[in-house]
Structure formats: structure tokens, C-alpha cells
file coords-v9.tsv (TSV, C-alpha atoms)
chain	number	residue	atom	x	y	z
A	1	MET	CA	0.00	0.00	0.00
A	2	GLU	CA	1.43	3.33	-1.03
A	3	ALA	CA	1.60	5.92	1.70
A	4	THR	CA	-0.16	9.09	0.66
A	5	LEU	CA	-0.11	12.53	2.24
A	6	THR	CA	-3.54	11.79	3.71
A	7	THR	CA	-2.28	8.54	5.24
A	8	TRP	CA	0.69	10.32	6.78
A	9	ALA	CA	-1.51	13.14	8.09
A	10	LEU	CA	-3.98	10.70	9.66
A	11	GLU	CA	-1.18	8.72	11.31
A	12	PHE	CA	0.46	11.89	12.61
A	13	ILE	CA	-2.88	13.02	14.07
A	14	ARG	CA	-3.53	9.68	15.77
A	15	TRP	CA	-0.04	9.34	17.24
A	16	PHE	CA	0.16	12.98	18.31
A	17	ALA	CA	-3.30	12.80	19.92
A	18	MET	CA	-2.26	9.66	21.84
A	19	PHE	CA	0.95	11.41	22.95
A	20	ILE	CA	-0.99	14.49	24.05
A	21	GLY	CA	-3.49	12.30	25.92
A	22	ALA	CA	-0.74	10.38	27.71
A	23	PHE	CA	1.00	13.66	28.54
A	24	GLY	CA	-2.32	15.00	29.90
A	25	VAL	CA	-2.71	11.96	32.16
A	26	VAL	CA	0.81	12.44	33.50
A	27	ILE	CA	0.16	16.17	34.06
A	28	THR	CA	-3.04	15.31	35.93
A	29	ILE	CA	-1.27	12.81	38.20
A	30	LEU	CA	2.14	14.51	38.62
A	31	PRO	CA	1.82	18.15	37.56
A	32	SER	CA	4.74	19.67	39.48
A	33	PRO	CA	7.61	17.68	37.89
A	34	ILE	CA	6.25	18.20	34.37
A	35	PHE	CA	5.78	21.95	34.73
A	36	GLY	CA	9.12	22.20	36.54
A	37	PHE	CA	10.71	20.46	33.54
A	38	LEU	CA	9.06	22.95	31.17
A	39	GLY	CA	10.28	25.83	33.31
A	40	ARG	CA	13.86	24.53	33.25
A	41	PHE	CA	13.96	24.14	29.46
A	42	LYS	CA	12.07	27.29	28.45
A	43	HIS	CA	15.31	29.00	27.38
A	44	LEU	CA	16.12	26.44	24.65
A	45	VAL	CA	15.56	27.72	21.12
A	46	LEU	CA	14.59	24.19	20.06
A	47	PHE	CA	11.75	24.20	22.63
A	48	HIS	CA	10.27	27.37	21.15
A	49	PHE	CA	10.82	26.15	17.58
A	50	LEU	CA	9.06	22.82	18.28
A	51	ALA	CA	6.19	24.58	20.05
A	52	VAL	CA	5.53	26.56	16.89
A	53	VAL	CA	6.23	23.92	14.23
A	54	VAL	CA	4.24	21.13	15.88
A	55	ARG	CA	1.19	23.38	16.15
A	56	PHE	CA	1.48	24.32	12.47
A	57	ILE	CA	1.86	20.70	11.35
A	58	PHE	CA	-0.92	19.43	13.62
A	59	GLY	CA	-3.29	22.22	12.55
A	60	ALA	CA	-2.54	21.67	8.86
A	61	ALA	CA	-3.06	17.92	9.24
A	62	LEU	CA	-6.40	18.52	10.99
A	63	LEU	CA	-7.57	20.90	8.25
A	64	TYR	CA	-6.36	18.58	5.48
A	65	THR	CA	-8.18	15.53	6.88
A	66	ALA	CA	-11.22	17.16	8.53
A	67	SER	CA	-13.59	15.86	5.86
A	68	GLN	CA	-12.62	12.29	6.79
A	69	SER	CA	-13.49	12.73	10.46
A	70	LYS	CA	-16.77	12.12	12.26
A	71	ILE	CA	-17.01	15.78	13.28
A	72	PRO	CA	-15.43	17.81	10.46
A	73	GLU	CA	-16.62	21.21	11.69
A	74	VAL	CA	-15.07	20.69	15.12
A	75	ILE	CA	-11.86	19.37	13.60
A	76	LYS	CA	-11.62	22.39	11.28
A	77	ILE	CA	-12.01	24.71	14.28
A	78	LEU	CA	-9.31	22.80	16.18
A	79	GLY	CA	-7.06	22.99	13.13
A	80	PHE	CA	-7.47	26.76	12.84
A	81	VAL	CA	-6.94	27.19	16.60
A	82	SER	CA	-3.76	25.10	16.42
A	83	ILE	CA	-2.38	27.16	13.54
A	84	ALA	CA	-3.36	30.41	15.28
A	85	ALA	CA	-1.61	29.25	18.47
A	86	GLY	CA	1.52	28.47	16.47
A	87	LEU	CA	1.36	31.87	14.83
A	88	VAL	CA	0.97	33.65	18.18
A	89	LEU	CA	3.88	31.69	19.69
A	90	MET	CA	5.99	32.58	16.68
A	91	LEU	CA	5.10	36.29	16.75
A	92	ILE	CA	5.56	36.86	20.48
A	93	GLY	CA	9.28	36.18	20.20
A	94	ARG	CA	11.73	34.35	22.43
A	95	ASN	CA	11.61	36.62	25.50
A	96	ARG	CA	7.82	36.62	25.76
A	97	PHE	CA	7.73	32.88	25.05
A	98	MET	CA	10.12	32.26	27.95
A	99	ARG	CA	8.05	34.52	30.21
A	100	LEU	CA	4.86	32.70	29.16
A	101	ILE	CA	6.36	29.30	30.01
A	102	ALA	CA	7.71	30.62	33.32
A	103	TRP	CA	4.26	31.99	34.18
A	104	ILE	CA	2.58	28.68	33.28
A	105	ALA	CA	5.11	26.76	35.38
A	106	ARG	CA	4.33	28.99	38.40
A	107	LEU	CA	0.58	28.41	38.31
A	108	THR	CA	-0.96	26.47	41.18
A	109	PRO	CA	-1.05	22.66	41.06
A	110	LEU	CA	-4.84	22.79	40.81
A	111	VAL	CA	-4.57	24.78	37.57
A	112	HIS	CA	-1.97	22.29	36.32
A	113	VAL	CA	-4.38	19.42	37.01
A	114	ALA	CA	-7.11	21.30	35.13
A	115	VAL	CA	-4.72	21.77	32.20
A	116	GLY	CA	-4.02	18.04	32.26
A	117	LEU	CA	-7.73	17.19	32.21
A	118	VAL	CA	-8.41	19.60	29.33
A	119	THR	CA	-5.50	18.05	27.46
A	120	VAL	CA	-6.95	14.57	27.94
A	121	ALA	CA	-10.38	15.77	26.81
A	122	PHE	CA	-8.85	17.35	23.71
A	123	SER	CA	-7.08	14.10	22.91
A	124	VAL	CA	-10.27	12.07	23.38
A	125	VAL	CA	-12.21	14.34	21.00
A	126	VAL	CA	-9.53	14.07	18.30
A	127	LEU	CA	-9.18	10.30	18.68
A	128	TYR	CA	-12.97	9.87	18.59
A	129	ALA	CA	-13.20	12.00	15.45
A	130	TYR	CA	-10.77	9.76	13.58
A	131	HIS	CA	-11.77	6.36	14.96
call {"tool": "encode", "arguments": {"input": "coords-v9.tsv", "output": "C-alpha cells"}}
result
Amino acid sequence: MEATLTTWALEFIRWFAMFIGAFGVVITILPSPIFGFLGRFKHLVLFHFLAVVVRFIFGAALLYTASQSKIPEVIKILGFVSIAAGLVLMLIGRNRFMRLIAWIARLTPLVHVAVGLVTVAFSVVVLYAYH
């Protein structure tokens, strides 16, 4: 079977959604070490670069394959939000990105748990849409 762009996009979406879901579970159970890790590595250029690029790729993949999902309107919205988030992270620059990550890392553990639960819910919606 020849791998097409659609096949690659669908696989990327599924694997990335599973990764995000697993990450959300870990954040929900052990938020402090995860957010401490993010705070320690906020200064790396690669961290900022990946934050932007992954959002662009994920958003583009969602938009490209939305018609093949169970809920195409929702998937299109998520795709546009992902691309917009990547654009914002790109435009705010390195200093503001580092300050944003530092601020997120300092939030209370209860907020971190809420972020983890929202992340899991997001992952569930995406996986349901493509199952």
C-alpha cells in the first residue's frame, strides 16, 4: 500500500493525539515535575521552535483531513486554533515565550491538574473524530 499525504496526516494526528493524551494523564497525576521540567527548558531555542512547528503541522493535518473525520466542523475549528496558536507563539518572540512558560510553570497545582484534564479531553475528541 502506497503511503499518501492523507495517510501520513492521519497517522500523525492519531499518534500525536495519543501522545498528548498520555501527557495529559501524567500532568493530571504529577503536575509539578512536568511543569518544573518545562520551566527549566524554556530557554532552549529548540523548545520554542518545536512549540511553533508542531502546532502548524498538527493544525494543517487537521484541516487537510477534517472531511474524513466524524465531526469535520469541530476538527476544522481545532485545526485553525492550532495554527493560530503556532502563529501567536511565533510572533511573540523568544523573551515573551520564555516569560509565558515561566508563568505557566508557576501556576498552582490545581490549575496544572485542570490543564491536564483539558489536554486529555482534547485528545479524546480528536481520537474519537478519527476512529
call {"tool": "closest_residue", "arguments": {"input": "coords-v9.tsv", "among": "A:Leu127, A:Asn95, A:Ala121, A:Val111", "to": "A:Leu44", "atoms": "all atoms listed in the file"}}
result
A:Asn95
call {"tool": "closest_residue", "arguments": {"input": "coords-v9.tsv", "among": "A:Gly21, A:His48, A:Tyr64, A:His112", "to": "A:Val88", "atoms": "all atoms listed in the file"}}
result
A:His48
call {"tool": "residues_around", "arguments": {"input": "coords-v9.tsv", "residues": "A:Ser67", "least_positions_apart": "3", "cutoff": "12 Å", "atoms": "all atoms listed in the file", "output": "count of residues only"}}
result
15
call {"tool": "residues_around", "arguments": {"input": "coords-v9.tsv", "residues": "A:Leu87", "least_positions_apart": "6", "cutoff": "10 Å", "atoms": "only C-alpha atoms", "output": "VMD selection string"}}
result
chain A and resid 52 to 53 55 to 56 81
call {"tool": "write_last_selection", "arguments": {"input": "coords-v9.tsv", "atoms": "C-alpha atoms", "output": "compact mmCIF listing (two decimals), keeping the file's coordinate frame"}}
result
# COMPACT_ATOMS: atom_id res chain seq x y z
CA VAL A 52 5.53 26.56 16.89
CA VAL A 53 6.23 23.92 14.23
CA ARG A 55 1.19 23.38 16.15
CA PHE A 56 1.48 24.32 12.47
CA VAL A 81 -6.94 27.19 16.60
call {"tool": "closest_residue", "arguments": {"input": "coords-v9.tsv", "among": "A:Val45, A:Ala66, A:Ile34, A:Leu107", "to": "A:Arg94", "atoms": "all atoms listed in the file"}}
result
A:Val45
call {"tool": "closest_residue", "arguments": {"input": "coords-v9.tsv", "among": "A:Ile104, A:Ala51, A:Ile13, A:Leu46", "to": "A:Val125", "atoms": "all atoms listed in the file"}}
result
A:Ile13
call {"tool": "closest_residue", "arguments": {"input": "coords-v9.tsv", "among": "A:Leu38, A:Leu5, A:Phe16, A:Val25", "to": "A:Leu100", "atoms": "only C-alpha atoms"}}
result
A:Leu38
call {"tool": "residues_around", "arguments": {"input": "coords-v9.tsv", "residues": "A:Ile29", "least_positions_apart": "4", "cutoff": "9 Å", "atoms": "all atoms listed in the file", "output": "list of chain:residue names"}}
result
A:Gly24, A:Val25, A:Val113, A:Gly116
call {"tool": "residues_around", "arguments": {"input": "coords-v9.tsv", "residues": "A:His43", "least_positions_apart": "3", "cutoff": "8 Å", "atoms": "only C-alpha atoms", "output": "short mmCIF file (atom, residue, chain, number, x, y, z; two decimals) with C-alpha atoms, keeping the file's coordinate frame"}}
result
data_model
loop_
_atom_site.label_atom_id
_atom_site.label_comp_id
_atom_site.auth_asym_id
_atom_site.auth_seq_id
_atom_site.Cartn_x
_atom_site.Cartn_y
_atom_site.Cartn_z
CA ARG A 40 13.86 24.53 33.25
CA PHE A 47 11.75 24.20 22.63
CA MET A 98 10.12 32.26 27.95
#
call {"tool": "axis_aligned_box", "arguments": {"input": "coords-v9.tsv", "around": "stretch 105-108 of chain A", "padding_each_side": "6 Å", "output": "JSON"}}
result
{"center_x": 2.1, "center_y": 27.7, "center_z": 38.3, "size_x": 18.1, "size_y": 14.5, "size_z": 17.8}
call {"tool": "atom_distance", "arguments": {"input": "coords-v9.tsv", "atom1": "atom CA of A:Ile77", "atom2": "atom CA of A:Trp103"}}
result
26.7 Å
call {"tool": "atom_distance", "arguments": {"input": "coords-v9.tsv", "atom1": "atom CA of A:Ser32", "atom2": "atom CA of A:Val118"}}
result
16.6 Å
call {"tool": "atom_distance", "arguments": {"input": "coords-v9.tsv", "atom1": "atom CA of A:Trp15", "atom2": "atom CA of A:Ser69"}}
result
15.4 Å
call {"tool": "closest_residue", "arguments": {"input": "coords-v9.tsv", "among": "A:Ser82, A:Thr108, A:Thr65, A:Thr4", "to": "A:Phe35", "atoms": "all atoms listed in the file"}}
result
A:Thr108
